[in-house]
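Trainee: File follows, model_18.cif with mmCIF, C-alpha atoms and all ligand atoms:
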data_final
#
loop_
_atom_site.label_atom_id
_atom_site.label_comp_id
_atom_site.auth_asym_id
_atom_site.auth_seq_id
_atom_site.Cartn_x
_atom_site.Cartn_y
_atom_site.Cartn_z
CA MET A 1 -45.23 -54.82 -20.59
CA LEU A 2 -48.99 -55.06 -21.24
CA ASN A 3 -48.94 -51.53 -22.65
CA LYS A 4 -46.16 -52.50 -25.07
CA LEU A 5 -48.09 -55.58 -26.17
CA ILE A 6 -51.24 -53.57 -26.85
CA SER A 7 -49.33 -50.92 -28.74
CA ASN A 8 -47.92 -53.67 -30.98
CA ILE A 9 -51.20 -55.42 -31.71
CA LEU A 10 -53.35 -52.31 -32.02
CA PRO A 11 -52.60 -51.67 -35.72
CA TYR A 12 -53.93 -55.18 -36.44
CA MET A 13 -57.15 -54.80 -34.43
CA PRO A 14 -60.39 -54.30 -36.40
CA GLU A 15 -61.08 -50.62 -37.07
CA LYS A 16 -64.53 -50.98 -35.50
CA LEU A 17 -63.02 -52.01 -32.17
CA VAL A 18 -60.40 -49.27 -32.24
CA TRP A 19 -63.17 -46.79 -33.04
CA GLN A 20 -64.82 -47.76 -29.75
CA PHE A 21 -62.04 -46.06 -27.80
CA SER A 22 -61.23 -43.43 -30.41
CA LYS A 23 -64.70 -42.00 -30.88
CA ASP A 24 -64.62 -40.09 -27.61
CA TYR A 25 -61.39 -38.39 -28.63
CA ILE A 26 -62.08 -37.61 -32.29
CA ALA A 27 -64.85 -35.39 -33.59
CA GLY A 28 -65.55 -37.59 -36.65
CA GLU A 29 -64.39 -38.05 -40.22
CA THR A 30 -65.81 -35.01 -42.00
CA ILE A 31 -65.51 -31.22 -41.79
CA GLU A 32 -69.17 -31.08 -40.81
CA ASP A 33 -68.48 -33.43 -37.87
CA ALA A 34 -65.69 -31.13 -36.68
CA VAL A 35 -67.75 -27.97 -37.09
CA ASN A 36 -70.73 -29.50 -35.25
CA ALA A 37 -68.48 -30.65 -32.40
CA ALA A 38 -66.91 -27.19 -32.21
CA LEU A 39 -70.30 -25.45 -32.16
CA LYS A 40 -71.44 -27.74 -29.32
CA LEU A 41 -68.35 -26.80 -27.31
CA ASN A 42 -68.96 -23.13 -28.08
CA GLU A 43 -72.45 -23.50 -26.58
CA GLN A 44 -70.73 -24.56 -23.33
CA GLY A 45 -68.59 -21.43 -23.34
CA ILE A 46 -65.53 -23.28 -24.70
CA LEU A 47 -63.32 -22.09 -27.57
CA THR A 48 -61.92 -24.57 -30.09
CA THR A 49 -58.95 -25.24 -32.30
CA ILE A 50 -59.76 -27.54 -35.22
CA ASP A 51 -57.10 -29.94 -36.49
CA VAL A 52 -57.19 -32.22 -39.54
CA LEU A 53 -55.69 -35.56 -38.51
CA GLY A 54 -52.60 -36.67 -40.36
CA GLU A 55 -48.84 -36.23 -40.48
CA PHE A 56 -45.69 -37.65 -42.14
CA ILE A 57 -46.94 -37.78 -45.73
CA LYS A 58 -45.17 -39.67 -48.54
CA ASN A 59 -45.29 -37.18 -51.42
CA LEU A 60 -46.00 -33.54 -52.23
CA ASP A 61 -49.33 -34.30 -53.96
CA GLU A 62 -50.61 -35.23 -50.50
CA ALA A 63 -49.27 -31.93 -49.15
CA GLU A 64 -51.24 -29.99 -51.76
CA ALA A 65 -54.42 -31.96 -51.00
CA ASN A 66 -53.95 -31.39 -47.28
CA LYS A 67 -53.55 -27.66 -47.80
CA ASN A 68 -56.77 -27.59 -49.83
CA GLU A 69 -58.58 -29.47 -47.08
CA TYR A 70 -57.43 -26.91 -44.48
CA LEU A 71 -58.54 -24.03 -46.71
CA GLU A 72 -61.97 -25.66 -46.95
CA VAL A 73 -62.09 -26.24 -43.18
CA ILE A 74 -61.46 -22.55 -42.59
CA GLU A 75 -64.11 -21.55 -45.12
CA VAL A 76 -66.75 -23.86 -43.62
CA ALA A 77 -65.92 -23.09 -39.96
CA GLU A 78 -65.90 -19.33 -40.53
CA LYS A 79 -69.24 -19.47 -42.37
CA ALA A 80 -70.70 -21.52 -39.50
CA LYS A 81 -69.37 -18.87 -37.08
CA VAL A 82 -67.36 -21.29 -34.99
CA ASN A 83 -65.67 -19.45 -32.13
CA GLY A 84 -62.24 -20.97 -32.55
CA ASN A 85 -59.01 -21.18 -34.48
CA TYR A 86 -56.94 -23.85 -36.27
CA SER A 87 -53.98 -26.11 -35.48
CA LEU A 88 -51.73 -27.92 -37.94
CA LYS A 89 -48.73 -30.23 -38.10
CA PRO A 90 -46.05 -29.08 -40.57
CA THR A 91 -45.10 -32.63 -41.63
CA PHE A 92 -48.66 -32.93 -43.03
CA PHE A 93 -47.55 -30.37 -45.63
CA GLY A 94 -44.26 -32.04 -46.49
CA LEU A 95 -41.85 -30.44 -43.99
CA LEU A 96 -39.59 -33.49 -44.13
CA ILE A 97 -39.73 -33.70 -47.94
CA ASP A 98 -39.32 -30.06 -49.02
CA LYS A 99 -39.49 -27.44 -46.28
CA GLU A 100 -39.99 -24.54 -48.71
CA VAL A 101 -43.04 -26.23 -50.23
CA ALA A 102 -44.37 -26.88 -46.71
CA TYR A 103 -43.77 -23.24 -45.80
CA GLN A 104 -45.67 -21.99 -48.86
CA HIS A 105 -48.66 -24.23 -48.11
CA ILE A 106 -48.78 -23.22 -44.46
CA ARG A 107 -48.34 -19.56 -45.41
CA GLU A 108 -51.45 -19.85 -47.62
CA ILE A 109 -53.42 -21.36 -44.73
CA VAL A 110 -52.30 -18.65 -42.29
CA ALA A 111 -53.13 -15.97 -44.88
CA LYS A 112 -56.62 -17.44 -45.24
CA ALA A 113 -57.15 -17.49 -41.46
CA ALA A 114 -55.75 -13.94 -41.23
CA SER A 115 -58.26 -12.78 -43.85
CA TYR A 116 -60.91 -13.72 -41.25
CA ASN A 117 -58.86 -12.10 -38.49
CA ASN A 118 -58.22 -15.57 -37.13
CA PHE A 119 -55.24 -17.59 -35.96
CA VAL A 120 -53.28 -20.76 -36.79
CA ARG A 121 -51.23 -22.73 -34.27
CA ILE A 122 -48.16 -24.61 -35.48
CA ASP A 123 -48.11 -27.88 -33.51
CA MET A 124 -44.71 -29.13 -32.37
CA GLU A 125 -43.69 -32.58 -33.56
CA ASP A 126 -40.67 -34.72 -32.64
CA THR A 127 -37.12 -33.40 -32.24
CA PRO A 128 -35.95 -33.88 -35.86
CA CYS A 129 -38.59 -31.19 -36.61
CA THR A 130 -38.01 -28.75 -33.71
CA ASP A 131 -35.56 -26.34 -35.36
CA MET A 132 -37.43 -26.40 -38.67
CA GLU A 133 -40.75 -25.70 -36.95
CA ILE A 134 -39.27 -22.80 -34.98
CA GLU A 135 -37.81 -21.35 -38.18
CA LEU A 136 -41.14 -21.76 -39.97
CA PHE A 137 -42.95 -20.00 -37.13
CA ARG A 138 -40.45 -17.11 -37.10
CA ARG A 139 -40.95 -16.55 -40.84
CA LEU A 140 -44.73 -16.62 -40.54
CA LYS A 141 -44.76 -14.38 -37.47
CA GLU A 142 -42.88 -11.70 -39.38
CA GLU A 143 -45.62 -11.52 -42.02
CA PHE A 144 -48.63 -12.32 -39.78
CA PRO A 145 -47.67 -11.05 -36.29
CA ALA A 146 -51.09 -11.61 -34.68
CA ASN A 147 -52.26 -14.65 -36.61
CA VAL A 148 -49.79 -17.40 -35.80
CA GLY A 149 -48.56 -19.20 -32.70
CA LEU A 150 -46.30 -22.12 -31.84
CA VAL A 151 -46.29 -25.09 -29.47
CA LEU A 152 -43.43 -25.71 -27.05
CA GLN A 153 -42.88 -28.88 -25.03
CA SER A 154 -41.85 -28.75 -21.36
CA TYR A 155 -40.15 -32.18 -21.55
CA LEU A 156 -37.47 -30.78 -23.87
CA LYS A 157 -34.34 -29.55 -22.09
CA ARG A 158 -33.96 -26.75 -24.65
CA THR A 159 -37.42 -25.20 -24.14
CA HIS A 160 -36.62 -22.71 -21.36
CA GLN A 161 -33.81 -21.22 -23.45
CA ASP A 162 -36.00 -21.32 -26.58
CA ILE A 163 -38.55 -19.11 -24.80
CA LYS A 164 -35.80 -16.60 -23.93
CA ASN A 165 -34.57 -16.65 -27.53
CA PHE A 166 -37.99 -15.58 -28.75
CA LYS A 167 -37.85 -12.24 -26.91
CA ASP A 168 -36.65 -10.59 -30.13
CA ILE A 169 -40.01 -11.16 -31.84
CA HIS A 170 -42.19 -10.53 -28.79
CA SER A 171 -43.81 -7.24 -27.84
CA GLU A 172 -46.48 -6.29 -25.32
CA GLU A 173 -48.62 -4.88 -28.16
CA VAL A 174 -48.62 -8.19 -30.08
CA PRO A 175 -47.55 -10.78 -27.50
CA ILE A 176 -46.01 -13.99 -28.72
CA ASN A 177 -48.52 -16.81 -28.30
CA PHE A 178 -47.19 -20.19 -27.15
CA ARG A 179 -49.10 -23.33 -26.34
CA LEU A 180 -47.08 -25.13 -23.68
CA CYS A 181 -47.68 -28.89 -23.38
CA LYS A 182 -45.62 -31.69 -21.85
CA GLY A 183 -44.81 -33.32 -25.20
CA ILE A 184 -46.11 -36.60 -26.61
CA TYR A 185 -43.21 -38.13 -28.56
CA VAL A 186 -40.64 -40.56 -27.21
CA GLU A 187 -37.37 -38.61 -27.14
CA PRO A 188 -33.85 -39.61 -26.00
CA ALA A 189 -32.88 -38.78 -22.41
CA SER A 190 -30.11 -36.53 -23.76
CA LEU A 191 -32.80 -34.18 -25.13
CA ALA A 192 -35.78 -34.66 -22.86
CA TYR A 193 -36.68 -34.91 -19.19
CA LYS A 194 -38.22 -38.28 -18.49
CA LYS A 195 -39.59 -38.14 -14.97
CA TYR A 196 -43.13 -36.97 -14.25
CA ASP A 197 -41.99 -34.54 -11.50
CA GLU A 198 -39.16 -33.13 -13.61
CA ILE A 199 -41.46 -32.49 -16.57
CA ASN A 200 -44.04 -30.80 -14.30
CA THR A 201 -41.44 -28.60 -12.60
CA HIS A 202 -40.16 -27.42 -15.97
CA PHE A 203 -43.71 -26.92 -17.21
CA LEU A 204 -44.39 -24.45 -14.41
CA GLU A 205 -40.98 -22.76 -14.78
CA ASP A 206 -41.68 -22.25 -18.49
CA ILE A 207 -45.12 -20.82 -17.74
CA GLU A 208 -43.62 -18.49 -15.12
CA LEU A 209 -41.06 -17.22 -17.63
CA MET A 210 -43.83 -16.53 -20.16
CA LEU A 211 -45.79 -14.62 -17.52
CA LYS A 212 -42.75 -12.57 -16.48
CA GLU A 213 -42.17 -11.66 -20.13
CA LYS A 214 -45.88 -10.80 -20.59
CA MET A 215 -46.31 -13.40 -23.32
CA TYR A 216 -49.63 -15.16 -24.07
CA PRO A 217 -49.43 -18.72 -22.69
CA ALA A 218 -51.91 -21.39 -23.69
CA ILE A 219 -51.57 -23.86 -20.83
CA ALA A 220 -52.28 -27.26 -22.43
CA THR A 221 -52.60 -30.02 -19.84
CA HIS A 222 -55.10 -32.31 -18.12
CA ASP A 223 -52.85 -32.75 -15.12
CA LYS A 224 -54.53 -31.35 -11.99
CA PRO A 225 -51.31 -30.55 -10.06
CA VAL A 226 -49.98 -28.62 -13.07
CA ILE A 227 -53.26 -26.75 -13.47
CA ASP A 228 -53.24 -25.86 -9.76
CA GLY A 229 -49.62 -24.70 -10.10
CA ALA A 230 -50.60 -22.54 -13.07
CA TYR A 231 -53.49 -21.01 -11.07
CA LYS A 232 -51.01 -19.97 -8.37
CA LEU A 233 -48.68 -18.36 -10.90
CA LEU A 234 -51.53 -16.50 -12.61
CA GLU A 235 -52.54 -15.15 -9.21
CA LYS A 236 -48.96 -14.26 -8.26
CA TYR A 237 -48.55 -12.17 -11.42
CA ASN A 238 -52.13 -10.90 -11.27
CA TYR A 239 -52.35 -11.91 -14.92
CA PRO A 240 -55.28 -10.46 -16.90
CA LYS A 241 -57.79 -13.15 -17.94
CA GLU A 242 -57.64 -12.11 -21.59
CA ASN A 243 -53.86 -12.67 -21.76
CA TYR A 244 -53.78 -16.47 -21.31
CA GLU A 245 -55.89 -19.56 -21.78
CA PHE A 246 -56.06 -23.22 -20.81
CA GLN A 247 -56.28 -25.93 -23.45
CA MET A 248 -57.35 -29.57 -23.41
CA LEU A 249 -57.83 -32.37 -25.92
CA TYR A 250 -61.29 -33.30 -27.18
CA GLY A 251 -63.03 -35.76 -24.85
CA VAL A 252 -60.32 -35.79 -22.18
CA THR A 253 -61.07 -35.02 -18.49
CA PRO A 254 -64.34 -33.16 -19.17
CA ALA A 255 -65.08 -32.62 -15.45
CA LEU A 256 -61.72 -30.95 -14.85
CA ARG A 257 -62.29 -28.92 -18.01
CA GLN A 258 -65.65 -27.71 -16.70
CA SER A 259 -64.08 -26.69 -13.39
CA ILE A 260 -61.67 -24.42 -15.28
CA VAL A 261 -64.53 -22.84 -17.23
CA ASP A 262 -66.58 -22.42 -14.04
CA ALA A 263 -63.64 -20.65 -12.39
CA GLY A 264 -63.86 -18.06 -15.17
CA HIS A 265 -60.74 -18.95 -17.20
CA ARG A 266 -60.67 -18.99 -20.98
CA LEU A 267 -60.56 -22.61 -22.17
CA ARG A 268 -59.97 -24.01 -25.65
CA VAL A 269 -60.46 -27.61 -26.80
CA TYR A 270 -58.39 -29.20 -29.54
CA VAL A 271 -60.87 -30.79 -31.97
CA PRO A 272 -59.19 -33.39 -34.22
CA PHE A 273 -61.11 -34.94 -37.09
CA GLY A 274 -60.49 -36.69 -40.39
CA LYS A 275 -60.39 -39.90 -42.31
CA HIS A 276 -56.86 -40.71 -41.09
CA TRP A 277 -58.02 -41.25 -37.49
CA PHE A 278 -57.07 -44.96 -37.43
CA GLY A 279 -53.45 -44.41 -38.42
CA TYR A 280 -53.22 -41.41 -36.13
CA CYS A 281 -54.48 -43.31 -33.07
CA THR A 282 -52.43 -46.43 -33.62
CA ARG A 283 -49.27 -44.41 -34.29
CA ARG A 284 -49.80 -42.34 -31.12
CA VAL A 285 -50.03 -45.51 -29.06
CA LYS A 286 -46.99 -47.01 -30.74
CA GLU A 287 -45.01 -43.86 -29.97
CA ASN A 288 -46.24 -43.67 -26.44
CA PRO A 289 -47.25 -47.11 -25.10
CA ALA A 290 -48.35 -45.50 -21.82
CA MET A 291 -51.47 -44.41 -23.73
CA ALA A 292 -52.41 -48.09 -24.08
CA SER A 293 -53.76 -48.09 -20.51
CA VAL A 294 -56.15 -45.30 -21.45
CA ILE A 295 -57.31 -47.45 -24.37
CA LEU A 296 -57.66 -50.58 -22.28
CA LYS A 297 -59.86 -48.73 -19.83
CA ALA A 298 -61.95 -47.30 -22.65
CA ILE A 299 -62.51 -50.69 -24.28
CA PHE A 300 -63.18 -52.80 -21.23
CA PHE A 301 -64.43 -50.53 -18.47
CA LYS A 302 -66.96 -48.34 -20.23
P1 LIG B 401 -50.32 -36.37 -18.16
O1 LIG B 401 -49.51 -36.50 -16.91
O2 LIG B 401 -49.89 -37.17 -19.36
O3 LIG B 401 -51.82 -36.70 -17.91
C1 LIG B 401 -52.51 -36.23 -16.77
C2 LIG B 401 -53.84 -36.95 -16.68
O4 LIG B 401 -54.67 -36.54 -17.76
C3 LIG B 401 -53.74 -38.49 -16.85
O5 LIG B 401 -53.53 -39.12 -15.64
C4 LIG B 401 -55.09 -38.84 -17.45
O6 LIG B 401 -56.05 -38.92 -16.42
C5 LIG B 401 -55.41 -37.63 -18.28
N1 LIG B 401 -55.06 -37.80 -19.71
C6 LIG B 401 -54.03 -37.23 -20.35
N2 LIG B 401 -54.05 -37.53 -21.66
C7 LIG B 401 -55.13 -38.32 -21.85
C8 LIG B 401 -55.73 -38.96 -22.99
N3 LIG B 401 -55.21 -38.84 -24.22
N4 LIG B 401 -56.86 -39.68 -22.79
C9 LIG B 401 -57.42 -39.79 -21.55
N5 LIG B 401 -56.91 -39.21 -20.45
C10 LIG B 401 -55.79 -38.49 -20.59
N6 LIG B 401 -47.95 -32.76 -27.71
C11 LIG B 401 -46.95 -32.48 -28.58
O7 LIG B 401 -45.87 -33.08 -28.51
N7 LIG B 401 -47.11 -31.52 -29.55
C12 LIG B 401 -48.24 -30.78 -29.66
O8 LIG B 401 -48.34 -29.92 -30.53
C13 LIG B 401 -49.30 -31.04 -28.74
N8 LIG B 401 -50.45 -30.32 -28.77
C14 LIG B 401 -51.35 -30.47 -27.76
C15 LIG B 401 -52.48 -29.66 -27.72
C16 LIG B 401 -53.34 -29.70 -26.64
C17 LIG B 401 -54.50 -28.78 -26.59
C18 LIG B 401 -53.09 -30.62 -25.56
C19 LIG B 401 -53.96 -30.66 -24.36
C20 LIG B 401 -52.03 -31.49 -25.64
C21 LIG B 401 -51.16 -31.45 -26.73
N9 LIG B 401 -50.08 -32.30 -26.83
C22 LIG B 401 -49.09 -32.06 -27.76
C23 LIG B 401 -50.00 -33.51 -25.98
C24 LIG B 401 -49.24 -33.25 -24.70
O9 LIG B 401 -47.89 -33.07 -24.98
C25 LIG B 401 -49.39 -34.42 -23.71
O10 LIG B 401 -48.88 -35.58 -24.24
C26 LIG B 401 -50.82 -34.70 -23.28
O11 LIG B 401 -51.52 -33.51 -23.11
C27 LIG B 401 -50.86 -35.46 -21.96
O12 LIG B 401 -50.18 -34.72 -20.97
P2 LIG B 401 -50.88 -34.02 -19.71
O13 LIG B 401 -50.27 -32.66 -19.58
O14 LIG B 401 -52.34 -34.04 -19.84
O15 LIG B 401 -50.34 -34.83 -18.48
#
Produce C-alpha cells that represent the structure in this file.
Ligand code: FAD
Mentor:
Amino acid sequence: MLNKLISNILPYMPEKLVWQFSKDYIAGETIEDAVNAALKLNEQGILTTIDVLGEFIKNLDEAEANKNEYLEVIEVAEKAKVNGNYSLKPTFFGLLIDKEVAYQHIREIVAKAASYNNFVRIDMEDTPCTDMEIELFRRLKEEFPANVGLVLQSYLKRTHQDIKNFKDIHSEEVPINFRLCKGIYVEPASLAYKKYDEINTHFLEDIELMLKEKMYPAIATHDKPVIDGAYKLLEKYNYPKENYEFQMLYGVTPALRQSIVDAGHRLRVYVPFGKHWFGYCTRRVKENPAMASVILKAIFFK
C-alpha cells in the first residue's frame, strides 16, 4: 500500500530529493562519470558493463542520437582502458517504432565494440519485446559470434525452453553468453512466475541447464540464497572459472559483491549513467512498487 503510494508520488518529488536515493545506484550524468566509476571498480578487481540510461523513445531522431552516444561511450571507455563491456536496451534505438532501424543502429554499436575485440549485451525488456529481442540477438550473433550476448529472465515461464532453443547457435568454441536475472518488469501471471521461491527455483534450473550445455552464464543477482545455489552448481559441474561470471547492479549489496570477488569468482558490475536518470528511476519504481521500500530506506535511514 505504502509502496504503491510512493511509486505514484515519486514522479512529482523534487529531482534533488530523488537524487538522494538515486546517486548510490547511478554513476552520474556524463560519460566521464561512467568511465571514472568503471575505473574505480576495475581497481577493486571488478569488471564493468556500461549502460546509457534510457528506453522507450518517441521518434527515430532520438534513436540516432542514442546510437551516437553509445559510439562515443565505447570510444572514450576504450581509450581510458576500462576493463569492461557495454549493455543496451533495444527500445532506446526504436525497437517498438521500426525494428529494422533499431537493428541497424545496434549492429553499428556491436561492430564498434567488436573492432576493439569487445562485447555488447542486449538487455531484456518486457514481454512485448521478448521475441523481437531474441530475433535481434540471433541476427547479431550470426555476424559477431563472440561479441554479443543476451539477457534472459528466470521469472518468465518460457525461459527454460528458450535456452534449449538456442542450442543451434551455441558451440563449445564460441559459447553462447547469457546473463540470467530474475526480471524486473510486472508481467501477467500467465507468462511469469510470481512467487519468490518459484522464481528462485527456476533461476537455478536455468543456470544448471546452461552449465550442462557448457554455455557461458552471467549470474545476475543480489540474492544470497540464489548465489549460494549457484556456487553449489558450479562446484557440482566443476565449472572452469573463466567460463562464467557473477553480475550485480552499481551500488547494490557491496559487501555481498566483495565476498564473491574474495572467493575468486569473476564479477561484473552494471554501471548505468546518463541525463535520463530521473525518468529511469521513477519509471522503475512505477513498474515495480516493491522497489519503493528500497527508496524509503535510502531517503530516511541513511
Ligand atoms: P531480489 O530477491 O529482488 O533481491 C535480493 C536482495 O537484493 C534484496 O532483498 C535487496 O537486499 C537486494 N536488492 C536487490 N535489488 C536492489 C536494488 N535495486 N537496490 C537495493 N537493494 C537491492 N532485469 C530485466 O528485466 N532485464 C535486464 O536486462 C536486467 N539486467 C540486469 C543486469 C544486472 C547486472 C542485474 C544484477 C540485474 C538486472 N536486471 C534486469 C534486474 C533483475 O531482473 C532484478 O530485478 C534485480 O536484480 C533484483 O533481483 P535479485 O536477483 O537481486 O533478487
Trainee: How would you report the residues lying within 8 Å of ligand LIG 401 (chain B), as a count of residues only, if you count all atoms listed in the file?
Mentor: 36
Trainee: With all atoms listed in the file as the counted atoms, please give the residues lying no more than 12 Å from stretch 141-143 of chain A, apart from itself and same-chain residues fewer than 6 positions off, as a list in words.
Mentor: Ile106, Arg107, Glu108, Val110, Ala111, Ala114, Phe119, Val120, Arg121, Ile122, Ile134, Glu135, Gly149, Leu150, Phe166, Asp168, Ile169, His170, Val174, Pro175, Ile176 and Asn177 of chain A
Trainee: Taking the point (-44.1, -32.2, -11.6) as given in the file, collect each protein or nucleic acid residue that comes within 12 Å of it, counting only C-alpha atoms, and present the set as a PyMOL selection string.
Mentor: chain A and resi 154-155+182+193-205+223-230
Trainee: Looking at all atoms listed in the file, which of A:Glu100, A:Asn59, A:Val271, A:Tyr12 is the one that sits closest to A:Lys40?
Mentor: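 When distances to A:Lys40 are compared using all atoms listed in the file, the smallest one comes from A:Val271.
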Trainee: Mind giving me the straight-line distance from atom CA of A:Pro240 to atom CA of A:Asp206 in Å, one decimal?
Mentor: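 Spanning atom CA of A:Pro240 to atom CA of A:Asp206 is a straight-line distance of 18.1 Å.
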Trainee: May I ask which of the residues A:Ala255, A:Val261, A:Leu136, A:Ile46 is the closest one to A:Val148, counting only C-alpha atoms?
Mentor: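 Residue with the minimum atom-to-atom distance to A:Val148: A:Leu136.
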Trainee: With a distance cut-off of 9 Å and only C-alpha atoms, select the neighbouring residues of A:Asn68, excluding the residue or stretch itself and same-chain residues fewer than 4 positions from it, and output the selection as number ranges by chain.
Mentor: A: 63-64, 72-73, 105, 109
Trainee: Those same residues, written as a PDB file, in the coordinates of the input with C-alpha atoms?
Mentor:
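Writing done, so here's selection-v9.pdb:
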ATOM      1  CA  ALA A  63     -49.270 -31.930 -49.150  1.00  0.00           C
ATOM      2  CA  GLU A  64     -51.240 -29.990 -51.760  1.00  0.00           C
ATOM      3  CA  GLU A  72     -61.970 -25.660 -46.950  1.00  0.00           C
ATOM      4  CA  VAL A  73     -62.090 -26.240 -43.180  1.00  0.00           C
ATOM      5  CA  HIS A 105     -48.660 -24.230 -48.110  1.00  0.00           C
ATOM      6  CA  ILE A 109     -53.420 -21.360 -44.730  1.00  0.00           C
TER       7      ILE A 109
END
Trainee: Counting all atoms listed in the file, figure out which residue out of A:Val101, A:Cys281, A:Leu256, A:Leu234 gets nearest to A:Asp61.
Mentor: A:Val101
Trainee: Would you kindly return, as a PyMOL selection string, each protein, DNA or RNA residue with an atom no farther than 6 Å from any atom of A:Ala102, considering all atoms listed in the file and excluding same-chain residues fewer than 4 positions away?
Mentor: chain A and resi 93-95
Trainee: Those selected residues, please, written with C-alpha atoms and delivered as a short mmCIF file (atom, residue, chain, number, x, y, z; two decimals), in the frame of the given file.
Mentor:
data_model
loop_
_atom_site.label_atom_id
_atom_site.label_comp_id
_atom_site.auth_asym_id
_atom_site.auth_seq_id
_atom_site.Cartn_x
_atom_site.Cartn_y
_atom_site.Cartn_z
CA PHE A 93 -47.55 -30.37 -45.63
CA GLY A 94 -44.26 -32.04 -46.49
CA LEU A 95 -41.85 -30.44 -43.99
#
Trainee: Considering only C-alpha atoms, state which residue in the set A:Ala77, A:Leu47, A:Leu10, A:Leu233 is at the smallest distance from A:Arg266.
Mentor: A:Leu47
Trainee: Between A:Lys164, A:Ile207, A:Ala218, A:Arg257, single out the one closest to A:Tyr237, counting only C-alpha atoms.
Mentor: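 The shortest atom-to-atom distance to A:Tyr237 comes from A:Ile207.
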Trainee: Give me the residues of stretch 183-295 of chain A that have any atom at most 7 Å from an atom of stretch 28-33 of chain A; for each, the nearest atom pair and the distance in Å, rounded to one decimal. Use all atoms listed in the file, sort by chain and number, and format it as JSON lines.
Mentor:
{"residue": "A:Phe273", "atom": "CA", "partner": "A:Gly28", "partner_atom": "CA", "distance": 5.2}
{"residue": "A:Gly274", "atom": "CA", "partner": "A:Glu29", "partner_atom": "CA", "distance": 4.1}
{"residue": "A:Lys275", "atom": "CA", "partner": "A:Glu29", "partner_atom": "CA", "distance": 4.9}
Trainee: For A:Pro272, please output as a PyMOL selection string all residues within 6 Å (counting only C-alpha atoms; exclusion window: fewer than 6 positions along the same chain).
Mentor: chain A and resi 26+50-53
Trainee: Which is closer to A:Ala38 than all the others in A:Glu78, A:Glu242, A:Glu235, A:Glu208, using all atoms listed in the file?
Mentor: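 Using all atoms listed in the file, A:Ala38 sits closest to A:Glu78.
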Trainee: For atom CA of A:Asn117 and atom CA of A:Ala146, determine how far apart the two atoms are, in Å to one decimal place.
Mentor: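 Atom CA of A:Ala146 lies at a distance of 8.7 Å from atom CA of A:Asn117.
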Trainee: Show me the residues around (-45.4, -36.0, -40.5) - criterion: an atom at most 6 Å away, all atoms listed in the file counted - as a PyMOL selection string.
Mentor: chain A and resi 55-57+91-92
Trainee: Got a sec: who's within 8 Å of A:Lys214, counting all atoms listed in the file, leaving out chain neighbours fewer than 2 positions off, as a compact mmCIF listing (two decimals) with C-alpha atoms, in the frame of the given file?
Mentor:
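Result went into result05.txt, see below:
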# COMPACT_ATOMS: atom_id res chain seq x y z
CA GLU A 172 -46.48 -6.29 -25.32
CA PRO A 175 -47.55 -10.78 -27.50
CA MET A 210 -43.83 -16.53 -20.16
CA LEU A 211 -45.79 -14.62 -17.52
CA LYS A 212 -42.75 -12.57 -16.48
CA TYR A 216 -49.63 -15.16 -24.07
